[in-house]
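Asks: If you scroll down you'll find the structure; I have some questions about it.
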Amino acid sequence: MKKPSYPEDHVSYQLHIRVRGNVRIVAGALGSCNFPAGHYVYTGSARRNLGARVARHLSDSKKLRWHIDYLLAHPEVEILRVETSAIPECRWNQQLAGSIPLPGFGASDCRRHCGSHLKYLGPNQ
Ligand SMILES: [Zn+2]
């Protein structure tokens with residue numbers, strides 16, 4: 001897949017994710033995680049080379065490393081679209097309406113008490 005390119009000042013990205021059915025994964029130290037079907041948004045950042053980070057998320061062939069990798073690897077899960085921004089990831093995440101399905105998910109590096117960098121926005125449209 002071609003590496004996407006984004007404006008230079010963009011440091012954060014949001015993955016809009018569709019979970020088609022109820023999904024259960026085992027994600028590293030978090031253990032067993034259940035995700036009801038619906039629309040989710042994952043917020044992350046890459047200070048350098050945002051395009052490479054997004055391309056990694058979109059790739060099917062990679063070592064599973066972060067919590068989000070385990071979710072995206074599930075066959076019932078797909079990325080609908082990607083948005084990027086200059087807004088710092090935690091602020092952008094906190095601005096997003098939605099609930100936290102799984103405390104701690106995707107927040108291993110979070111220092112701003114987001115609770116999780118994955119939010120549930122509601123059922124699929
Ligand atoms: Zn955060």
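Ligands are numbered from 1 in the order shown, residues from 1 within each chain, and chains are lettered A, B, ... in the order they appear in the structure tokens.
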Could you write out, as an MDAnalysis selection string, all the residues of chain A that DSSP marks as alpha helix (DSSP H)?
Replies: chainID A and resid 50:58 67:72 89:95
Asks: List as CSV every residue of chain A that is in contact with ligand 1, defined as an atom at most 7 Å from one of its atoms (using only C-alpha atoms and all ligand atoms), together with the nearest atom pair and the distance in Å rounded to one decimal, sorted by chain and then rising number.
Replies:
```
residue,atom,partner,partner_atom_place_in_ligand_line,distance
A:Glu89,CA,ligand 1,1 (Zn),6.5
A:Cys90,CA,ligand 1,1 (Zn),3.8
A:Asn93,CA,ligand 1,1 (Zn),6.7
A:Ala107,CA,ligand 1,1 (Zn),6.3
A:Cys110,CA,ligand 1,1 (Zn),4.3
A:Arg111,CA,ligand 1,1 (Zn),6.1
A:Arg112,CA,ligand 1,1 (Zn),4.9
A:His113,CA,ligand 1,1 (Zn),5.8
A:Cys114,CA,ligand 1,1 (Zn),4.3
A:Ser116,CA,ligand 1,1 (Zn),6.8
A:His117,CA,ligand 1,1 (Zn),6.2
```
Asks: Just give me the gap between CA of Ser85 (chain A) and CA of Ser45 (chain A) in Å, one decimal is fine.
Replies: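 Value for the CA of Ser85 (chain A)-CA of Ser45 (chain A) distance: 9.4 Å.
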Asks: Name all residues at most 12 Å from Ser108 (chain A) (count only C-alpha atoms; drop same-chain ones fewer than 4 positions away) and give them as an NGL selection string.
Replies: :A and (28-30 or 44 or 65-68 or 103-104 or 112-118)
Asks: Name the residues in contact with His16 (chain A) at a cut-off of 6 Å, using only C-alpha atoms, excluding same-chain residues fewer than 3 positions from it; report them as a list of chain:residue names.
Replies: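 Here the qualifying residues turn out to be A:Tyr40, A:Val41, A:Ile79, A:Leu80, A:Arg81.
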Asks: Which residues are close to region 6-13 of chain A, i.e. within 9 Å by only C-alpha atoms, leaving aside same-chain residues fewer than 4 positions away? Reply as a list in words.
Replies: Tyr42, Thr43, Gly44, Ser45, Ala46, Arg47, Arg48, Asn49, Leu50, Gly51, Val54, Val82, Glu83, Thr84, Ser85, Ala86, Ile87, Pro88, Glu89 and Trp92 of chain A
Asks: Using the selection just defined, write its residues with C-alpha atoms as a CSV table (one decimal), in the first residue's frame.
Replies:
```csv
chain,number,residue,atom,x,y,z
A,42,TYR,CA,-9.0,5.3,18.0
A,43,THR,CA,-6.8,8.3,18.5
A,44,GLY,CA,-3.0,8.1,18.3
A,45,SER,CA,0.0,10.2,17.3
A,46,ALA,CA,3.3,10.0,15.5
A,47,ARG,CA,5.5,13.1,15.9
A,48,ARG,CA,7.6,11.8,13.0
A,49,ASN,CA,6.3,10.2,9.9
A,50,LEU,CA,2.6,10.1,10.4
A,51,GLY,CA,2.1,8.6,7.0
A,54,VAL,CA,-1.1,5.2,9.3
A,82,VAL,CA,-8.5,8.1,8.7
A,83,GLU,CA,-8.4,11.7,9.8
A,84,THR,CA,-5.3,13.6,10.8
A,85,SER,CA,-4.8,16.8,12.7
A,86,ALA,CA,-2.4,19.2,14.4
A,87,ILE,CA,-4.3,18.9,17.6
A,88,PRO,CA,-2.4,17.0,20.3
A,89,GLU,CA,-3.7,13.4,20.5
A,92,TRP,CA,-8.4,15.6,20.4
```
Asks: One decimal, Å: what's the distance from CA of Ala97 (chain A) over to CA of Asn124 (chain A), could you say?
Replies: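 Straight-line distance from CA of Ala97 (chain A) to CA of Asn124 (chain A) works out to 15.6 Å.
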